[in-house]
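Novice: Next up is a structure, given as structure tokens.
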Amino acid sequence: MKVALGIMLLGTASLLGAGQAIAAEGPRASTAAPPLSLIDRALADLSSGDQARQDAAANVLIEQGDSSLLPKLEEIRNNADRSVRLAIKPLMDLLKNRSNLASPDADRRRSAAADLGSSGRPVVMPWLEAALAGEPNRWVRYTLEESLALIRLASDDPDTKIKAAAKLGELRSSNAVPALKELLQQTGTDATDQQKALANAARAAIGQIDIWASWANAFETIFRGISLSSILLIMSLGLAIVFGLMGVINMAHGELMMIGAYATFVTQECFRAYFPAGLFDYYFIAAMPIAFCVVALCGLILEATVIRFLYGRPLETMLATWGVSLVLIQAARVYFGDLTSVVAPSWLSGGAQVMVGVYLPYNRIFIIVLSILCVAGIYFLLFRTGVGLRVRAVMQNRDMSSCLGIPTRKVDAYTFAFGSGLAGLAGCALTLIGNVEPGLGQNYIVDSFMVVVTGGVGKLMGTIVASLGIGGLNKFLEPSFGAVYGKVLILVLVILFLQRRPSGLFTIKGRHADA
Amino acid sequence: MAEPVVTVQGQRQAGEGLIFWLSGFVLLVGLPLLNVLPDPDSWLHVSDFALNRFGKFLCFAILALGLDLIWGYTGILSLGHGVFFGFGAYAIGMHLMLTIGTESVYGSALPDFMVWNQVKELPLFWKPFYSFGVALAGAVLVPTLFAFIFGFLAFRSRIKGVYFAIITQALALCAWLVFNRNETNLGGTNGLTDFKQILGFRLSEPGTQRALYILTVLFLGAAYAVCRWIIRSRAGRVLVAIRDSEQRVLFSGYSPANYKLFVFVVSAALAGLAGALYVPQVGIITPAQIGVLPSLEMVIWVAVGGRGTLVGAALGAVGVNWARSVLTNYFPELWPFFLGGLFIAVVLLFPDGLVGLFTRVREKWLASGLWVRKSPASSEHNG
Amino acid sequence: MSQDYPETKIDTESSTDKATDASSTRREFLAQSGKVAAAAGVASLLGNLGGWALSYAADKEPIKIGILHSLSGTMAISEVSLKDTVLMAVEEINASGGVMGRKIQPVVVDPASNWDLFAEKAKQLLLVDKVAVVFGCWTSVSRKSVLPVFEKNNGLLFYPVQYEGEECSHNVFYTGAAVNQQAIPAVEYLMSKEGGGHKKFYLLGTDYVYPRTTNKILRAMLLAKKVPAANIAEEYTPFHHQDYQTIVGKVKKFAAGGGACVVSTINGDSNVPFYKEFSNQGLRAEDAPIMAFSVAEDELRGMDTSALVGHLAAWNYYQSVDTPQNKKFVADFKAYCKKNNLPDGERRVTDDPIEAAYFGVHIWKQAVAKAGSIEVDKVRKAVYGSEFLAPGGKIKMDEANHHTNKPVLIGEILKDGQFKIVSRSKGLVKPEPWSEYTSPDKGCDWIKHQGTYQKK
């Protein structure tokens with residue numbers, strides 16, 4: 001065993017050295033390859049039809065083969081009947097995963113380690129140990145250790161088993177829970193001391209894992225709540241500003257988001273068509289300002305053609321903007337025709353593992369950061385610039401501001417355009433988590449209306465708190481009530497809340513005529 | 001502020017009455033007769049299909065009357081009337097579902113969707129609906145009660161304007177989600193369908209459908225009369241006053257919340273009634289009919305016809321739906337453009353709707369002197 | 001086409017309703033006396049249609065067929081392709097001389113994804129336009145809503161989409177798959193050694209009749225195959241659900257320890273958020289493959305497929321099926337879309353429902369030619385047992401149960417939105433509208449029985 005291990009270690013070490021330099025396809029390494037004749041004979045045996053010879057051949061190939069055999073195996077597999085195909089498939093998987101252990105891509109190494117662990121074959125242990133010795137990445141190392149422990153847990157030696165169980169407990173490996181539970185069940189009343197010790201070890205491990213899992217779960221729930229809140233927030237910001245300033249709920253806000261999403265889509269297509277492939281990943285950075293500007297322009301047009309004529313009639317404005325939204329949806333459907341989708345840039349796909357069992361997707365982290373930046377930007381604009389001063393003045397007392405020479409109509413138009421631009425940004429962000437489709441805006445829009453109404457007029461803090469509250473509550477309720485009843489419950493809570501504060505969480509204090 | 005013109009003056013009473021009886025006669029007697037009498041291939045003939053479809057539009061007209069009462073006269077925009085319509089429709093639908101009995105696909109006494117949902121026993125809340133009377137009462141009382149509770153909470157705390165609109169819209173969304181849920185035991189997305197009979201009459205018979213149509217016309221007439229009575233009463237004037245300035249009404253010693261609640265409940269009851277008449281004629285009710293979009297569409301019926309006039313609301317409901325039926329036949333892609341455009345145009349260009357437009361045009365015409373001026377009463381006859 | 005109101009069902013209950021009776025007899029009388037006038041009317045109407053119509057004698061007038069697919073609203077995304085396919089098939093048939101020497105004239109209506117409108121439009125097609133056959137519907141609810149209309153007026157509907165079964169209408173031919181032609185073989189594949197020998201099943205769907213019924217049957221089947229109930233999870237989301245964070249979290253927990261798979265009946269626009277969340281939370285196709293029944297090439301076109309690669313789907317046809325007639329079909333379809341300036345033109349793809357819609361038209365045409373008539377009763381009889389060389393291979397209409405014998409193919413999603421076929425049934429699979437797992441006592445037969453019957 002040890003000798004074999006040593007050879008393997010040497011072999012794999014040299015493979016690793018070579019593998020780092022070679023392409024992702026893994027080592028071609030002929031260093032560890034045994035005499036060809038042996039392998040060739042085994043390959044021939046595979047399709048012999050004789051079960052015993054097949055198995056022996058498979059063993060030879062697993063122990064001595066490497067990924068250079070894969071094309072040959074694939075060829076055999078394509079021409080073989082079902083039983084041979086079934087025999088070859090695991091063989092190929094093992095070989096593929098073995099070579100992937102040396103891949104320069106950490107995710108691929110990790111996948112390979114997990115697959116080898118779940119294959120349950122002791123033969124892979126030396127490979128894993130070898131890989132573990134030279135592994136720089138923390139989470140790949142974690143998976144390698146987990147896989148090793150899982151295989152050891154299935155061994156026949158009780159001591160190894162106990163150690164493996166303890167190790168899995170230390171690793172907080174939720175993948176091990178089914179196997180550990182099985183161990184517990186096997187232990188009957190007439191168990192030997194050793195078996196009892198094993199059962200105790202398994203029980204302790206399960207306990208450790210469970211406690212950890214509940215913490216991880218709590219952490220993830222909080223993250224999900226924040227993520228949903230950030231989506232609601234980024235959608236509601238523009239809406240809230242316009243509502244605060246003009247008392248108008250723009251029912252086409254969702255469709256402005258949709259335009260933002262399509263702007264992102266078009267930007268992506270342009271990058272694909274006119275820019276070198278290397279730049280493709282950066283299209284999203286360009287798409288954000290583009291979406292903002294395009295939608296802001298749309299907002300300006302919408303304000304100039306529809307909304308300015310309805311000043312002071314909020315209900316009519318709602319209806320007219322809803323008409324606009326219908327037209328926009330159908331226009332998008334006619335023009336873009338079908339389901340389209342944006343390819344998330346590679347730096348925004350996948351996720352970061354922050355602790356065992358907790359995986360945070362990059363796209364959601366990005367949206368959270370983006371929404372925080374938006375809030376910061378709006379605060380800066382409103383409270384640190386001259387334009388912001390005017391906007392706030394109009395918000396507090398339109399007539400007085402007008403008397404003082406502030407061009408309120410212009411302020412309205414620009415604010416509306418700015419709010420629309422924010423919707424465009426939101427639409428751009430939403431492409432990261434869903435489709436780009438004509439009905440995109442409809443999916444969350446009622447929620448964001450609720451956020452604005454709950455938040456109250458004219459105070460950004462209200463919008464922030466309301467979106468955190470509604471988003472967080474939603475994710476808190478969803479696991480136990482399901483998505484639907486969670487939403488219904490939130491509506492009931494909002495109505496009850498408005499009982500106490502009819503105009504939302506935060507209101508501007510002062511004298512307000514009943515409009 | 002271009003608020004709609006309200007016609008409460010007595011001078012038009014005679015003309016309106018005549019139009020009411022005349023159109024009532026055409027709807028109640030004329031169309032069914034044209035359905036039965038002339039040769040099926042003549043131009044005069046109204047086919048069963050056309051009559052049935054018209055009956056559906058008239059159901060919507062009943063709902064529009066109620067919506068006009070609350071929006072046109074009281075100035076409260078409800079974007080959740082689809083829910084009340086749905087309550088009424090589902091109440092009758094549940095009864096019809098139970099009367100199918102073992103004629104269904106699965107041959108079970110339970111409604112089909114319960115069989116595929118693995119519901120073994122009829123849920124408790126379904127049981128009363130074996131009785132037609134309970135179903136009919138439920139069709140009106142359930143929306144009434146729901147509107148009462150919802151309205152009580154909303155109006156007591158003075159939720160109004162945009163806030164009320166958004167809350168009712170959220171209500172529509174929630175109702176849509178709940179009705180779509182199969183656990184609710186109301187048929188999920190598929191809703192209730194495949195009805196066979198009502199009170200022993202086969203729904204597939206043209207005669208039954210004709211009777212249902214006539215019933216719808218009668219209820220529409222009754223609903224019109226009730227609404228008219230409300231708006232002509234003292235309460236009706238308070239409602240209009242609330243629309244124009246709630247603050248002043250409050251200071252004058254009235255309690256706007258009670259009036260609002262009353263009119264909200266009445267309009268919900270009318271919506272429920274419309275739903276109850278709709279189901280046996282159309283033969284299906286699904287959650288798609290009660291969500292956010294249909295609720296908003298109901299508002300546009302009233303807006304197009306002319307809010308603040310009962311006739312306008314009813315006309316709008318029939319007109320928009322008829323246009324939908326025709327347009328989706330010939331220009332399916334254009335229908336949403338048309339509907340959206342209608343919304344914008346009505347709000348921006350003629351806020352008083354078709355009836356308002358008609359009145360305005362006529363007044364201009366009269367003022368221009370092209371029309372030989374007669375006494376107001378006789379001009380009504382000519383117009 | 002004289003039979004617009006076949007009043008064969010005489011109901012004893014309604015005889016008490018005198019008014020109804022009187023009016024209906026009067027109607028019949030009028031209908032009869034009007035027939036002469038009707039014939040004359042039709043002829044004169046045709047005369048007015050101009051020189052085009054003049055080239056046909058009265059019996060050479062085109063045969064009208066109805067197309068009942070949503071062209072607007074939420075279902076348009078899927079259904080428009082089917083409308084295009086049917087029109088293409090009609091064009092093909094007309095180019096080769098039509099059927100019985102008559103051209104086919106399609107009547108396209110738009111039910112706008114509104115289920116009530118489906119019933120209304122079906123009535124209009126059957127009663128006003130008097131079409132010989134209707135090709136249409138996608139969702140189960142739309143089919144259920146038009147079903148009474150077709151049964152009452154003895155119309156004929158070709159329904160091209162895989163569905164939940166438990167239905168056996170005399171007036172519908174189901175050219176899509178029944179549950180035993182898609183879902184059950186797919187799960188059997190997942191359980192097999194070749195498919196990975198999965199032991200835990202997460203049944204995830206959109207909350208409507210198709211997923212509910214399919215999962216009911218799958219659960220019964222899994223239990224029958226000795227899968228413990230604890231290893232089966234079932235969950236439904238509303239239509240257009242977007243936020244799959246919590247559910248993917250649950251799947252992750254469920255899949256811990258390996259051997260798990262997801263059986264997805266998620267519909268439409270919820271798929272992309274689901275798959276994206278799935279891969280972003282670090283789950284891979286190797287940890288828990290997703291077997292989907294509602295994701296086909298047409299939905300994948302334009303989707304970001306990076307998150308879907310390696311996951312599975314079960315259908316009866318893929319664009320990648322390697323037969324000469326399929327190569328021609330795909331090329332024809334692309335050419336048709338390009339020629340008619342349809343959205344996406346040449347980039348359009350074919351998929352299972354498209355194929356089913358396509359051969360449905362041809363099956364009907366064959367039956368009309370065989371029956372020598374467009375009368376529903378004669379055509380129906382001619383459809384039984386008829387065969388057609390469809391793009392995906394030969395298919396056969398069942399002898400008695402109105403469904404279609406089709407092959408079953410399991411495919412793996414590739415980067416370009418196409419499928420690699422990884423498993424294929426031996427020969428054609430016989431359709432079972434009533435699943436042997438949930439309704440072993442029920443069968444469907446319109447020859448020996450009256451539709452659904454109790455097995456002894």
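To be explicit about the labels: the chains of the structure tokens are called A, B, and onward in the order shown, and within each one the residues are counted from 1, while ligands get numbers from 1 in the order they are shown.
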Kindly provide, as JSON, numbers by chain, the residues of chain C having any atom no farther than 9 Å from an atom of chain A, counting only C-alpha atoms.

Specialist: {"C": [72, 73, 74, 76, 77, 78, 193, 194, 237, 238, 240, 241, 242, 243, 245, 246, 247, 249, 250, 253, 255, 256, 257, 258, 259, 269, 270, 271, 272, 273, 274, 276, 277, 279, 280, 281, 282, 284, 286, 287, 299, 300, 301, 302, 303, 304, 305, 306, 343, 344]}

Novice: Provide as a PyMOL selection string the residues of chain B at most 6 Å from chain A, counting only C-alpha atoms.

Specialist: chain B and resi 157+159+174+337+340+343-344

Novice: Write down, as a list of chain:residue names, each residue of chain B that has any atom within 6 Å of an atom of chain C, counting only C-alpha atoms.

Specialist: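 Contact residues on the first chain: B:Asp39, B:Trp116, B:Thr189, B:Asn190, B:Phe201, B:Gly207, B:Thr328, B:Asn329, B:Pro332.
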
Novice: Output C-alpha atoms of each residue in that selection to a file, as an mmCIF file, in the first residue's frame.

Specialist:
```cif
data_model
loop_
_atom_site.group_PDB
_atom_site.id
_atom_site.type_symbol
_atom_site.label_atom_id
_atom_site.label_comp_id
_atom_site.auth_asym_id
_atom_site.auth_seq_id
_atom_site.Cartn_x
_atom_site.Cartn_y
_atom_site.Cartn_z
ATOM 1 C CA ASP B 39 -84.275 32.851 -40.482
ATOM 2 C CA TRP B 116 -56.283 15.165 -9.525
ATOM 3 C CA THR B 189 -55.103 28.099 -12.471
ATOM 4 C CA ASN B 190 -57.727 26.075 -14.281
ATOM 5 C CA PHE B 201 -81.599 23.308 -17.085
ATOM 6 C CA GLY B 207 -82.905 28.320 -24.455
ATOM 7 C CA THR B 328 -58.371 40.344 -31.390
ATOM 8 C CA ASN B 329 -59.929 38.686 -34.420
ATOM 9 C CA PRO B 332 -54.258 40.419 -32.492
#
```

Novice: Residues within 12 Å of Ala323 of chain B, please, as a list in words. Count only C-alpha atoms; anything in the same chain fewer than 2 positions from it doesn't count.

Specialist: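 Non-adjacent residues within range: Phe57, Trp301, Val304, Leu315, Gly316, Ala317, Val318, Gly319, Val320, Asn321, Ser325, Val326, Leu327, Thr328, Asn329, Tyr330, Phe331, Pro332, Leu334, Trp335, Pro336, Phe338, Leu339 and Leu342 of chain B.
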
Novice: Would you output that residue set with N, CA and C atoms, as a PDB file, in the first residue's frame?

Specialist:
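What ended up in out20.pdb:
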```
ATOM      1  N   PHE B  57     -71.024  40.765 -22.037  1.00  0.00           N
ATOM      2  CA  PHE B  57     -70.702  42.192 -21.954  1.00  0.00           C
ATOM      3  C   PHE B  57     -71.615  42.897 -20.961  1.00  0.00           C
ATOM      4  N   TRP B 301     -62.990  50.647 -18.672  1.00  0.00           N
ATOM      5  CA  TRP B 301     -64.343  50.634 -19.231  1.00  0.00           C
ATOM      6  C   TRP B 301     -65.080  51.892 -18.804  1.00  0.00           C
ATOM      7  N   VAL B 304     -63.590  55.085 -20.331  1.00  0.00           N
ATOM      8  CA  VAL B 304     -63.895  55.279 -21.749  1.00  0.00           C
ATOM      9  C   VAL B 304     -65.334  55.720 -21.926  1.00  0.00           C
ATOM     10  N   LEU B 315     -72.087  51.745 -21.083  1.00  0.00           N
ATOM     11  CA  LEU B 315     -71.705  51.766 -22.498  1.00  0.00           C
ATOM     12  C   LEU B 315     -70.232  51.437 -22.681  1.00  0.00           C
ATOM     13  N   GLY B 316     -69.411  52.004 -21.799  1.00  0.00           N
ATOM     14  CA  GLY B 316     -67.968  51.760 -21.889  1.00  0.00           C
ATOM     15  C   GLY B 316     -67.656  50.287 -21.747  1.00  0.00           C
ATOM     16  N   ALA B 317     -68.301  49.634 -20.775  1.00  0.00           N
ATOM     17  CA  ALA B 317     -68.029  48.212 -20.554  1.00  0.00           C
ATOM     18  C   ALA B 317     -68.364  47.404 -21.800  1.00  0.00           C
ATOM     19  N   VAL B 318     -69.534  47.677 -22.367  1.00  0.00           N
ATOM     20  CA  VAL B 318     -69.933  46.922 -23.553  1.00  0.00           C
ATOM     21  C   VAL B 318     -69.016  47.264 -24.727  1.00  0.00           C
ATOM     22  N   GLY B 319     -68.761  48.558 -24.896  1.00  0.00           N
ATOM     23  CA  GLY B 319     -67.986  49.006 -26.052  1.00  0.00           C
ATOM     24  C   GLY B 319     -66.569  48.451 -26.049  1.00  0.00           C
ATOM     25  N   VAL B 320     -65.879  48.598 -24.923  1.00  0.00           N
ATOM     26  CA  VAL B 320     -64.487  48.158 -24.886  1.00  0.00           C
ATOM     27  C   VAL B 320     -64.406  46.653 -25.119  1.00  0.00           C
ATOM     28  N   ASN B 321     -65.315  45.917 -24.486  1.00  0.00           N
ATOM     29  CA  ASN B 321     -65.250  44.465 -24.646  1.00  0.00           C
ATOM     30  C   ASN B 321     -65.601  44.033 -26.058  1.00  0.00           C
ATOM     31  N   SER B 325     -63.264  41.978 -28.632  1.00  0.00           N
ATOM     32  CA  SER B 325     -63.666  40.792 -29.370  1.00  0.00           C
ATOM     33  C   SER B 325     -63.354  40.933 -30.852  1.00  0.00           C
ATOM     34  N   VAL B 326     -63.633  42.096 -31.385  1.00  0.00           N
ATOM     35  CA  VAL B 326     -63.440  42.297 -32.820  1.00  0.00           C
ATOM     36  C   VAL B 326     -61.957  42.432 -33.150  1.00  0.00           C
ATOM     37  N   LEU B 327     -61.278  43.267 -32.353  1.00  0.00           N
ATOM     38  CA  LEU B 327     -59.885  43.563 -32.674  1.00  0.00           C
ATOM     39  C   LEU B 327     -58.990  42.337 -32.564  1.00  0.00           C
ATOM     40  N   THR B 328     -59.238  41.512 -31.530  1.00  0.00           N
ATOM     41  CA  THR B 328     -58.371  40.344 -31.390  1.00  0.00           C
ATOM     42  C   THR B 328     -58.597  39.375 -32.537  1.00  0.00           C
ATOM     43  N   ASN B 329     -59.709  39.523 -33.248  1.00  0.00           N
ATOM     44  CA  ASN B 329     -59.929  38.686 -34.420  1.00  0.00           C
ATOM     45  C   ASN B 329     -59.054  39.109 -35.577  1.00  0.00           C
ATOM     46  N   TYR B 330     -59.000  40.414 -35.791  1.00  0.00           N
ATOM     47  CA  TYR B 330     -58.362  40.877 -37.017  1.00  0.00           C
ATOM     48  C   TYR B 330     -56.934  41.347 -36.801  1.00  0.00           C
ATOM     49  N   PHE B 331     -56.686  42.023 -35.673  1.00  0.00           N
ATOM     50  CA  PHE B 331     -55.338  42.546 -35.427  1.00  0.00           C
ATOM     51  C   PHE B 331     -54.876  42.144 -34.035  1.00  0.00           C
ATOM     52  N   PRO B 332     -54.600  40.865 -33.844  1.00  0.00           N
ATOM     53  CA  PRO B 332     -54.258  40.419 -32.492  1.00  0.00           C
ATOM     54  C   PRO B 332     -53.085  41.177 -31.882  1.00  0.00           C
ATOM     55  N   LEU B 334     -52.326  44.174 -32.258  1.00  0.00           N
ATOM     56  CA  LEU B 334     -52.604  45.587 -31.998  1.00  0.00           C
ATOM     57  C   LEU B 334     -53.424  45.823 -30.745  1.00  0.00           C
ATOM     58  N   TRP B 335     -54.081  44.785 -30.242  1.00  0.00           N
ATOM     59  CA  TRP B 335     -55.013  44.996 -29.144  1.00  0.00           C
ATOM     60  C   TRP B 335     -54.379  45.711 -27.951  1.00  0.00           C
ATOM     61  N   PRO B 336     -53.205  45.264 -27.451  1.00  0.00           N
ATOM     62  CA  PRO B 336     -52.621  45.985 -26.316  1.00  0.00           C
ATOM     63  C   PRO B 336     -52.296  47.433 -26.648  1.00  0.00           C
ATOM     64  N   PHE B 338     -53.956  49.263 -28.683  1.00  0.00           N
ATOM     65  CA  PHE B 338     -55.237  49.951 -28.690  1.00  0.00           C
ATOM     66  C   PHE B 338     -55.688  50.243 -27.263  1.00  0.00           C
ATOM     67  N   LEU B 339     -55.616  49.228 -26.410  1.00  0.00           N
ATOM     68  CA  LEU B 339     -56.071  49.397 -25.033  1.00  0.00           C
ATOM     69  C   LEU B 339     -55.226  50.446 -24.314  1.00  0.00           C
ATOM     70  N   LEU B 342     -55.967  53.826 -25.616  1.00  0.00           N
ATOM     71  CA  LEU B 342     -57.270  54.250 -25.117  1.00  0.00           C
ATOM     72  C   LEU B 342     -57.120  54.872 -23.729  1.00  0.00           C
TER      73      LEU B 342
END
```

Novice: Using DSSP assignments from the backbone, pull out every residue in segment 63-199 of chain C that falls under strand (DSSP E) and give it to me as a list in words.

Specialist: Ile63, Lys64, Ile65, Gly66, Ile67, Leu68, Ile104, Gln105, Pro106, Val107, Val108, Val109, Val134, Phe135, Gly136, Leu157, Phe158, Tyr159, Val172, Phe173 and Tyr174 of chain C

Novice: Only C-alpha atoms, please: the residues just picked out, written as a PDB file, in the first residue's frame.

Specialist:
```pdb
ATOM      1  CA  ILE C  63     -61.604  23.804 -46.597  1.00  0.00           C
ATOM      2  CA  LYS C  64     -61.476  26.077 -43.592  1.00  0.00           C
ATOM      3  CA  ILE C  65     -59.392  25.051 -40.615  1.00  0.00           C
ATOM      4  CA  GLY C  66     -59.026  26.964 -37.368  1.00  0.00           C
ATOM      5  CA  ILE C  67     -55.824  27.899 -35.553  1.00  0.00           C
ATOM      6  CA  LEU C  68     -56.395  28.654 -31.894  1.00  0.00           C
ATOM      7  CA  ILE C 104     -56.937  24.537 -47.165  1.00  0.00           C
ATOM      8  CA  GLN C 105     -57.743  27.962 -45.843  1.00  0.00           C
ATOM      9  CA  PRO C 106     -56.549  28.676 -42.306  1.00  0.00           C
ATOM     10  CA  VAL C 107     -58.589  30.911 -39.998  1.00  0.00           C
ATOM     11  CA  VAL C 108     -56.295  32.351 -37.326  1.00  0.00           C
ATOM     12  CA  VAL C 109     -57.777  33.761 -34.135  1.00  0.00           C
ATOM     13  CA  VAL C 134     -58.990  23.219 -35.110  1.00  0.00           C
ATOM     14  CA  PHE C 135     -55.296  23.079 -34.282  1.00  0.00           C
ATOM     15  CA  GLY C 136     -54.615  24.757 -31.022  1.00  0.00           C
ATOM     16  CA  LEU C 157     -59.187  19.586 -31.967  1.00  0.00           C
ATOM     17  CA  PHE C 158     -55.586  18.557 -32.499  1.00  0.00           C
ATOM     18  CA  TYR C 159     -53.677  19.296 -29.303  1.00  0.00           C
ATOM     19  CA  VAL C 172     -59.575  15.774 -29.333  1.00  0.00           C
ATOM     20  CA  PHE C 173     -56.533  14.089 -30.828  1.00  0.00           C
ATOM     21  CA  TYR C 174     -53.548  14.402 -28.534  1.00  0.00           C
TER      22      TYR C 174
END
```

Novice: When distances are computed from only C-alpha atoms, which of B:Leu122, B:Gly356, B:Ile167, B:Leu173 shows the smallest separation from Gly305 of chain B?

Specialist: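 Using only C-alpha atoms, Gly305 of chain B sits closest to B:Gly356.
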
Novice: How far is it from atom CA of His81 of chain B to atom CA of Pro128 of chain B, in Å with one decimal?

Specialist: 24.8 Å
